[in-house]
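Asker: Questions regarding the structure given below will be posed in turn.
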Amino acid sequence: KLKDDEQAMTILVSDGESIYALSHLSSTPLGLGKSSLGYRRVSSELVRGDARLVPPVLEFLALDPRIAATRVSKEEAESLGGELFYTALKPFKFSEAILIDEKGDYYGEVDFKLTANTPGYVRMQSKVFSRIFGDFSPTKGDLVFSKTGELLGLMVDSRYCALINNLLSEESLPMGKQFDRDEFKKVLESLRYRYEQLPNELR
């Protein structure tokens with residue numbers, strides 16, 4: 001949950017050391033396409049059933065500025081419950097992956113391919129084949145898993161999945177207290193700059 005009661009689906013992911021709750025930036029009030037400079041304070045909480053966690057910091061992964069992350073301790077992850085997923089050690093063991101839509105309503109099998117001009121990303125087929133739900137199209141924020149059940153990455157748009165092989169962050173913002181105006185502006189400018197430096201295919 002975020003400011004103005006906006007909600008974003010998250011997933012708990014670990015690289016074997018750190019644990020983060022991940023979501024797409026567009027699911028937060030700070031989405032790059034939104035006019036968010038007017039914000040002075042944003043609070044968030046992770047909710048699962050009766051368990052609630054109020055994180056003090058929102059981070060943005062170095063892999064892609066559109067991936068928002070909240071650090072969670074092992075004890076906090078256990079209190080939230082649910083499954084903890086791990087980053088994939090061998091992401092290209094299979095040429096197919098399992099895609100789950102951002103809300104968790106649909107899932108199906110999808111082919112992906114590497115492209116030379118977009119390292120760190122894979123291009124997904126435009127249709128996901130599902131024996132149960134019928135075909136549907138990938139959208140930003142959807143989750144992509146390997147057939148071994150590990151997290152491959154997160155869809156940053158309707159075509160490309162950012163491969164999540166580490167959880168290092170580039171920027172961070174304090175949650176639950178008033179932003180320092182200059183600090184907030186600097187973080188947003190950094191996010192936009194990193195986004196604009198991406199290859200055209202990824203924007």
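Residues are named by chain letter and number: chains run A, B, ... in the order of the structure tokens, numbers start at 1 in each chain, and ligands are numbered from 1 in the order shown.
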For Leu89 in chain A, please output as a ChimeraX atom specification all residues within 12 Å (counting only C-alpha atoms; exclusion window: fewer than 4 positions along the same chain).

Answerer: /A:14-16,93,145-146,148-152,163-166

Asker: How would the residues just chosen look if you wrote them out with N, CA, C and O atoms as an mmCIF file, in the first residue's frame?

Answerer:
```
data_model
loop_
_atom_site.group_PDB
_atom_site.id
_atom_site.type_symbol
_atom_site.label_atom_id
_atom_site.label_comp_id
_atom_site.auth_asym_id
_atom_site.auth_seq_id
_atom_site.Cartn_x
_atom_site.Cartn_y
_atom_site.Cartn_z
ATOM 1 N N SER A 14 15.099 -13.432 -2.866
ATOM 2 C CA SER A 14 16.390 -13.482 -2.186
ATOM 3 C C SER A 14 17.486 -13.905 -3.149
ATOM 4 O O SER A 14 17.251 -14.712 -4.053
ATOM 5 N N ASP A 15 18.661 -13.337 -2.963
ATOM 6 C CA ASP A 15 19.836 -13.776 -3.721
ATOM 7 C C ASP A 15 20.694 -14.715 -2.878
ATOM 8 O O ASP A 15 21.845 -15.002 -3.211
ATOM 9 N N GLY A 16 20.126 -15.195 -1.788
ATOM 10 C CA GLY A 16 20.863 -16.064 -0.869
ATOM 11 C C GLY A 16 21.357 -15.326 0.343
ATOM 12 O O GLY A 16 21.709 -15.936 1.354
ATOM 13 N N LYS A 93 18.761 -22.102 -18.809
ATOM 14 C CA LYS A 93 18.729 -23.555 -18.883
ATOM 15 C C LYS A 93 17.599 -24.023 -19.788
ATOM 16 O O LYS A 93 17.707 -25.019 -20.487
ATOM 17 N N PHE A 145 9.296 -16.539 -14.288
ATOM 18 C CA PHE A 145 9.993 -17.569 -13.530
ATOM 19 C C PHE A 145 10.598 -18.607 -14.463
ATOM 20 O O PHE A 145 10.067 -18.878 -15.545
ATOM 21 N N SER A 146 11.681 -19.208 -14.010
ATOM 22 C CA SER A 146 12.244 -20.332 -14.742
ATOM 23 C C SER A 146 11.386 -21.557 -14.478
ATOM 24 O O SER A 146 10.567 -21.574 -13.550
ATOM 25 N N THR A 148 12.333 -24.118 -13.190
ATOM 26 C CA THR A 148 12.768 -24.710 -11.926
ATOM 27 C C THR A 148 12.181 -23.965 -10.719
ATOM 28 O O THR A 148 12.485 -24.290 -9.573
ATOM 29 N N GLY A 149 11.351 -22.919 -10.992
ATOM 30 C CA GLY A 149 10.694 -22.202 -9.914
ATOM 31 C C GLY A 149 11.454 -21.014 -9.372
ATOM 32 O O GLY A 149 11.026 -20.393 -8.393
ATOM 33 N N GLU A 150 12.572 -20.666 -9.992
ATOM 34 C CA GLU A 150 13.332 -19.498 -9.565
ATOM 35 C C GLU A 150 12.866 -18.266 -10.335
ATOM 36 O O GLU A 150 12.318 -18.370 -11.428
ATOM 37 N N LEU A 151 13.111 -17.091 -9.761
ATOM 38 C CA LEU A 151 12.713 -15.857 -10.421
ATOM 39 C C LEU A 151 13.725 -15.482 -11.500
ATOM 40 O O LEU A 151 14.913 -15.311 -11.218
ATOM 41 N N LEU A 152 13.255 -15.371 -12.740
ATOM 42 C CA LEU A 152 14.108 -14.867 -13.824
ATOM 43 C C LEU A 152 14.143 -13.355 -13.809
ATOM 44 O O LEU A 152 15.192 -12.743 -13.946
ATOM 45 N N LEU A 163 16.348 -9.172 -16.365
ATOM 46 C CA LEU A 163 16.846 -10.330 -15.634
ATOM 47 C C LEU A 163 17.353 -9.881 -14.267
ATOM 48 O O LEU A 163 18.221 -9.016 -14.168
ATOM 49 N N ILE A 164 16.825 -10.459 -13.218
ATOM 50 C CA ILE A 164 17.224 -10.056 -11.867
ATOM 51 C C ILE A 164 18.232 -11.068 -11.337
ATOM 52 O O ILE A 164 17.875 -12.125 -10.819
ATOM 53 N N ASN A 165 19.511 -10.743 -11.519
ATOM 54 C CA ASN A 165 20.581 -11.623 -11.047
ATOM 55 C C ASN A 165 21.304 -11.055 -9.837
ATOM 56 O O ASN A 165 22.234 -11.651 -9.322
ATOM 57 N N ASN A 166 20.894 -9.856 -9.400
ATOM 58 C CA ASN A 166 21.411 -9.296 -8.149
ATOM 59 C C ASN A 166 20.382 -8.293 -7.630
ATOM 60 O O ASN A 166 19.463 -7.893 -8.355
#
```

Asker: If you run DSSP over the backbone, which residues in range 47-174 of chain A end up strand (DSSP E or B)? Put them as a VMD selection string.

Answerer: chain A and resid 47 to 48 51 to 53 57 to 61 67 to 71 85 to 87 96 to 100 107 to 114 121 to 124 128 to 129 136 143 to 145 151 to 155 160 to 163 169 to 174

Asker: Just give me the gap between CA of Val72 in chain A and CA of Pro174 in chain A in Å, one decimal is fine.

Answerer: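 Atom-to-atom, CA of Val72 in chain A and CA of Pro174 in chain A are spaced 14.7 Å apart.
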
Asker: May I have a table of the residues of range 160-191 of chain A lying at most 12 Å from range 124-128 of chain A, giving each one's closest pair of atoms and their distance in Å to one decimal, counting only C-alpha atoms, ordered by chain and ascending residue number, as CSV?

Answerer:
```
residue,atom,partner,partner_atom,distance
A:Tyr160,CA,A:Met124,CA,5.9
A:Cys161,CA,A:Met124,CA,7.0
A:Ala162,CA,A:Met124,CA,10.5
A:Leu163,CA,A:Met124,CA,11.7
```

Asker: Could you save the residues just selected, with C-alpha atoms, as a compact mmCIF listing (two decimals), in the first residue's frame?

Answerer:
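Resulting contents of result_8.txt:
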```
# COMPACT_ATOMS: atom_id res chain seq x y z
CA TYR A 160 11.18 -6.99 -22.27
CA CYS A 161 11.95 -8.75 -19.01
CA ALA A 162 14.79 -7.38 -16.87
CA LEU A 163 16.85 -10.33 -15.63
```

Asker: What are the closest atom pairs, with distances in Å to one decimal, for all residues of range 72-147 of chain A lying within 12 Å of range 47-59 of chain A? Consider only C-alpha atoms, order rows by chain and residue number, and present the result as JSON lines.

Answerer:
```
{"residue": "A:Val72", "atom": "CA", "partner": "A:Pro55", "partner_atom": "CA", "distance": 7.8}
{"residue": "A:Ser73", "atom": "CA", "partner": "A:Pro55", "partner_atom": "CA", "distance": 10.3}
{"residue": "A:Glu75", "atom": "CA", "partner": "A:Leu53", "partner_atom": "CA", "distance": 11.1}
{"residue": "A:Glu76", "atom": "CA", "partner": "A:Leu53", "partner_atom": "CA", "distance": 7.4}
{"residue": "A:Ala77", "atom": "CA", "partner": "A:Leu53", "partner_atom": "CA", "distance": 9.3}
{"residue": "A:Glu78", "atom": "CA", "partner": "A:Ala51", "partner_atom": "CA", "distance": 10.0}
{"residue": "A:Ser79", "atom": "CA", "partner": "A:Ala51", "partner_atom": "CA", "distance": 6.6}
{"residue": "A:Leu80", "atom": "CA", "partner": "A:Ala51", "partner_atom": "CA", "distance": 5.4}
{"residue": "A:Gly81", "atom": "CA", "partner": "A:Arg48", "partner_atom": "CA", "distance": 7.5}
{"residue": "A:Gly82", "atom": "CA", "partner": "A:Arg48", "partner_atom": "CA", "distance": 8.1}
{"residue": "A:Glu83", "atom": "CA", "partner": "A:Arg48", "partner_atom": "CA", "distance": 11.4}
```

Asker: What does the file look like for those residues with C-alpha atoms, as a CSV table (one decimal), in the first residue's frame?

Answerer:
```csv
chain,number,residue,atom,x,y,z
A,72,VAL,CA,13.0,-7.2,4.3
A,73,SER,CA,14.8,-9.1,7.1
A,75,GLU,CA,12.4,-12.4,10.5
A,76,GLU,CA,10.1,-10.0,8.7
A,77,ALA,CA,9.8,-12.3,5.7
A,78,GLU,CA,8.8,-15.1,8.1
A,79,SER,CA,6.2,-12.9,9.8
A,80,LEU,CA,4.7,-12.0,6.4
A,81,GLY,CA,4.6,-15.7,5.4
A,82,GLY,CA,4.1,-16.8,1.8
A,83,GLU,CA,6.8,-18.2,-0.5
```
